[in-house]
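Participant: My questions will all concern the structure given below.
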Amino acid sequence: MWRRLDVDDYDAVMALRQTVLGSLPDPDFYVREDDERMFVRGHLDLFGESVGYFDGDALVAYLALTTDLVSSAEDIEFASCEPTFSDVVFAAAMVLPEYRGRALHRAGIRHHIAAARAIGALRGMAQISARNHRSLRSYLSEGFRITRAVEYPDGRRRLRSSTPTAGAACCWSAISSGAIGSH
Ligand SMILES: CC(C)(COP(=O)(O)OP(=O)(O)OC[C@H]1O[C@@H](n2cnc3c(N)ncnc32)[C@H](O)[C@@H]1OP(=O)(O)O)[C@@H](O)C(=O)NCCC(=O)NCCS
């Protein structure tokens with residue numbers, strides 16, 4: 001069952017992140033946040049929101065969406081994309097290893113595309129390791145398109161992708177197939 005997470009889910013999210021970050025097949029897939037606690041807390045209701053999938057009472061998958069790029073400082077990270085107040089960032093996605101391959105990631109992305117549209121966002125952005133083929137495949141399947149490649153001073157390479165969540169000017173193939181919506 002999917003549901004939006006709240007502050008009471010903080011410990012479950014931290015535990016899920018701990019498990020996933022401790023078992024990455026490639027450390028480049030997800031670099032631990034500088035401040036894990038603030039990142040998680042902030043994405044529960046301060047500058048974003050999170051959605052989780054539960055198997056019984058257990059949180060087994062979660063995604064974080066940044067809705068206030070300024071408060072979260074994501075506007076700096078995405079500066080080259082010239083972010084505006086109508087942008088959101090798909091900031092984190094994690095699925096426990098034993099639950100992978102069940103399309104939970106794709107379902108979570110769809111939840112957040114709907115959430116982004118509900119608050120009037122026009123563009124969703126994400127930053128994905130070029131080596132993270134599984135994650136890339138999910139985003140591309142849900143209508144994201146790669147807009148640029150970036151390299152950080154520490155050598156990390158990231159592909160930027162974005163998707164319109166609304167707006168008449170969209171001509172993305174995923175829209176006509178109904179994955180994002182037909183605005
Ligand atoms: C990335 C992650 C969230 C994907 O979760 P998931 O629920 O297993 O993903 P899905 O089941 O929705 O599958 C996504 C796509 O990858 C494909 N896929 C499955 N295994 C794959 C593999 N080994 N290599 C490449 N693609 C693969 C699936 O077929 C699916 O594509 P399709 O729907 O077009 O067939 C999960 O692997 C994870 O938590 N990884 C560690 C953290 C991470 O990398 N987060 C993303 C940071 S951007």
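Ligands are numbered from 1 in the order shown, residues from 1 within each chain, and chains are lettered A, B, ... in the order they appear in the structure tokens.
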Per residue of chain A within 8 Å of ligand 1, what are the shortest atom pair and its distance in Å to one decimal, counting only C-alpha atoms and all ligand atoms, with rows by chain and residue number, as JSON lines?
Facilitator:
{"residue": "A:Val20", "atom": "CA", "partner": "ligand 1", "partner_atom_place_in_ligand_line": "41 (C)", "distance": 6.0}
{"residue": "A:Leu21", "atom": "CA", "partner": "ligand 1", "partner_atom_place_in_ligand_line": "42 (C)", "distance": 7.0}
{"residue": "A:Leu24", "atom": "CA", "partner": "ligand 1", "partner_atom_place_in_ligand_line": "41 (C)", "distance": 5.8}
{"residue": "A:Pro25", "atom": "CA", "partner": "ligand 1", "partner_atom_place_in_ligand_line": "41 (C)", "distance": 7.7}
{"residue": "A:Phe29", "atom": "CA", "partner": "ligand 1", "partner_atom_place_in_ligand_line": "44 (O)", "distance": 4.5}
{"residue": "A:Tyr30", "atom": "CA", "partner": "ligand 1", "partner_atom_place_in_ligand_line": "47 (C)", "distance": 5.2}
{"residue": "A:Ala61", "atom": "CA", "partner": "ligand 1", "partner_atom_place_in_ligand_line": "39 (O)", "distance": 7.6}
{"residue": "A:Ala91", "atom": "CA", "partner": "ligand 1", "partner_atom_place_in_ligand_line": "48 (S)", "distance": 7.8}
{"residue": "A:Ala92", "atom": "CA", "partner": "ligand 1", "partner_atom_place_in_ligand_line": "47 (C)", "distance": 6.0}
{"residue": "A:Ala93", "atom": "CA", "partner": "ligand 1", "partner_atom_place_in_ligand_line": "45 (N)", "distance": 4.7}
{"residue": "A:Met94", "atom": "CA", "partner": "ligand 1", "partner_atom_place_in_ligand_line": "39 (O)", "distance": 3.5}
{"residue": "A:Val95", "atom": "CA", "partner": "ligand 1", "partner_atom_place_in_ligand_line": "39 (O)", "distance": 3.8}
{"residue": "A:Leu96", "atom": "CA", "partner": "ligand 1", "partner_atom_place_in_ligand_line": "39 (O)", "distance": 6.0}
{"residue": "A:Pro97", "atom": "CA", "partner": "ligand 1", "partner_atom_place_in_ligand_line": "39 (O)", "distance": 6.8}
{"residue": "A:Tyr99", "atom": "CA", "partner": "ligand 1", "partner_atom_place_in_ligand_line": "8 (O)", "distance": 6.7}
{"residue": "A:Arg100", "atom": "CA", "partner": "ligand 1", "partner_atom_place_in_ligand_line": "8 (O)", "distance": 3.2}
{"residue": "A:Gly101", "atom": "CA", "partner": "ligand 1", "partner_atom_place_in_ligand_line": "11 (O)", "distance": 3.3}
{"residue": "A:Arg102", "atom": "CA", "partner": "ligand 1", "partner_atom_place_in_ligand_line": "11 (O)", "distance": 4.2}
{"residue": "A:Ala103", "atom": "CA", "partner": "ligand 1", "partner_atom_place_in_ligand_line": "12 (O)", "distance": 3.1}
{"residue": "A:Leu104", "atom": "CA", "partner": "ligand 1", "partner_atom_place_in_ligand_line": "7 (O)", "distance": 3.9}
{"residue": "A:His105", "atom": "CA", "partner": "ligand 1", "partner_atom_place_in_ligand_line": "12 (O)", "distance": 3.8}
{"residue": "A:Arg106", "atom": "CA", "partner": "ligand 1", "partner_atom_place_in_ligand_line": "12 (O)", "distance": 4.2}
{"residue": "A:Ala107", "atom": "CA", "partner": "ligand 1", "partner_atom_place_in_ligand_line": "12 (O)", "distance": 6.8}
{"residue": "A:Ala126", "atom": "CA", "partner": "ligand 1", "partner_atom_place_in_ligand_line": "48 (S)", "distance": 7.5}
{"residue": "A:Gln127", "atom": "CA", "partner": "ligand 1", "partner_atom_place_in_ligand_line": "48 (S)", "distance": 6.4}
{"residue": "A:Ile128", "atom": "CA", "partner": "ligand 1", "partner_atom_place_in_ligand_line": "48 (S)", "distance": 4.5}
{"residue": "A:Ser129", "atom": "CA", "partner": "ligand 1", "partner_atom_place_in_ligand_line": "48 (S)", "distance": 6.5}
{"residue": "A:Asn132", "atom": "CA", "partner": "ligand 1", "partner_atom_place_in_ligand_line": "44 (O)", "distance": 6.2}
{"residue": "A:His133", "atom": "CA", "partner": "ligand 1", "partner_atom_place_in_ligand_line": "25 (C)", "distance": 4.8}
{"residue": "A:Arg134", "atom": "CA", "partner": "ligand 1", "partner_atom_place_in_ligand_line": "26 (N)", "distance": 3.7}
{"residue": "A:Ser135", "atom": "CA", "partner": "ligand 1", "partner_atom_place_in_ligand_line": "1 (C)", "distance": 4.1}
{"residue": "A:Leu136", "atom": "CA", "partner": "ligand 1", "partner_atom_place_in_ligand_line": "48 (S)", "distance": 7.3}
{"residue": "A:Arg137", "atom": "CA", "partner": "ligand 1", "partner_atom_place_in_ligand_line": "15 (C)", "distance": 5.0}
{"residue": "A:Ser138", "atom": "CA", "partner": "ligand 1", "partner_atom_place_in_ligand_line": "14 (C)", "distance": 4.6}
{"residue": "A:Ser141", "atom": "CA", "partner": "ligand 1", "partner_atom_place_in_ligand_line": "34 (O)", "distance": 5.9}
Participant: Can you list, as a PyMOL selection string, every residue of stretch 7-150 of chain A that DSSP puts in helix (DSSP H, G or I)?
Facilitator: chain A and resi 7-21+27-29+36-46+74-77+79-81+97-99+104-118+133-141
Participant: Suppose you want the space between atom CA of A:Phe144 and atom CA of A:Arg156; what is it in Å?
Facilitator: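 Between atom CA of A:Phe144 and atom CA of A:Arg156 the gap works out to 21.0 Å.
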Participant: Find, counting only C-alpha atoms, the residue in A:Asp11, A:Phe78, A:Gly42, A:Ile113 that gets nearest to A:Leu59.
Facilitator: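 Closest to A:Leu59, using only C-alpha atoms: A:Asp11.
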Participant: Can you list, as a PyMOL selection string, every residue of stretch 8-120 of chain A that DSSP puts in strand (DSSP E)?
Facilitator: chain A and resi 48-55+58-66+87-95
Participant: Counting only C-alpha atoms, which residue out of A:Asp68, A:Ser80, A:Arg32, A:Arg145 sits closest to A:Glu49?
Facilitator: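 That would be A:Asp68, the residue with the smallest distance to A:Glu49.
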Participant: In Å, rounded to a single decimal, give me how far atom CA of A:Ser161 is from atom CA of A:Phe85.
Facilitator: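 Atom CA of A:Phe85 sits 17.5 Å away from atom CA of A:Ser161.
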Participant: Using Å and a single decimal, report how far atom CA of A:Gly52 sits from atom CA of A:Met1.
Facilitator: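 Computed distance, atom CA of A:Met1 to atom CA of A:Gly52, equals 8.2 Å.
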Participant: Just checking: using only C-alpha atoms, which residue out of A:Ser71, A:Asp34, A:Ile76, A:Tyr139 ends up closest to A:Leu159?
Facilitator: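 With only C-alpha atoms as the atom set, the closest residue is A:Tyr139.
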Participant: Can you pull out every residue within 7 Å of A:Val51, counting only C-alpha atoms, but drop anything in the same chain fewer than 2 positions away, and send it as a PDB file with N, CA and C atoms, in the first residue's frame?
Facilitator:
ATOM      1  N   TRP A   2       0.563   2.181  -0.910  1.00  0.00           N
ATOM      2  CA  TRP A   2       1.284   3.451  -0.940  1.00  0.00           C
ATOM      3  C   TRP A   2       0.571   4.464  -0.046  1.00  0.00           C
ATOM      4  N   ARG A   3       1.327   5.283   0.622  1.00  0.00           N
ATOM      5  CA  ARG A   3       0.736   6.433   1.299  1.00  0.00           C
ATOM      6  C   ARG A   3       1.794   7.516   1.480  1.00  0.00           C
ATOM      7  N   ARG A   4       1.289   8.732   1.630  1.00  0.00           N
ATOM      8  CA  ARG A   4       2.199   9.835   1.916  1.00  0.00           C
ATOM      9  C   ARG A   4       2.770   9.664   3.316  1.00  0.00           C
ATOM     10  N   LEU A   5       4.041   9.932   3.480  1.00  0.00           N
ATOM     11  CA  LEU A   5       4.694   9.764   4.780  1.00  0.00           C
ATOM     12  C   LEU A   5       4.579  11.042   5.603  1.00  0.00           C
ATOM     13  N   GLU A  49       7.973  16.568   0.258  1.00  0.00           N
ATOM     14  CA  GLU A  49       7.104  15.503   0.757  1.00  0.00           C
ATOM     15  C   GLU A  49       7.674  14.163   0.318  1.00  0.00           C
ATOM     16  N   TYR A  62      10.580   4.037  -0.757  1.00  0.00           N
ATOM     17  CA  TYR A  62      10.205   5.427  -0.489  1.00  0.00           C
ATOM     18  C   TYR A  62      10.849   6.346  -1.516  1.00  0.00           C
ATOM     19  N   LEU A  63      10.151   7.435  -1.771  1.00  0.00           N
ATOM     20  CA  LEU A  63      10.681   8.464  -2.672  1.00  0.00           C
ATOM     21  C   LEU A  63      10.443   9.836  -2.044  1.00  0.00           C
ATOM     22  N   ALA A  64      11.402  10.744  -2.248  1.00  0.00           N
ATOM     23  CA  ALA A  64      11.289  12.106  -1.719  1.00  0.00           C
ATOM     24  C   ALA A  64      11.189  13.099  -2.865  1.00  0.00           C
TER      25      ALA A  64
END
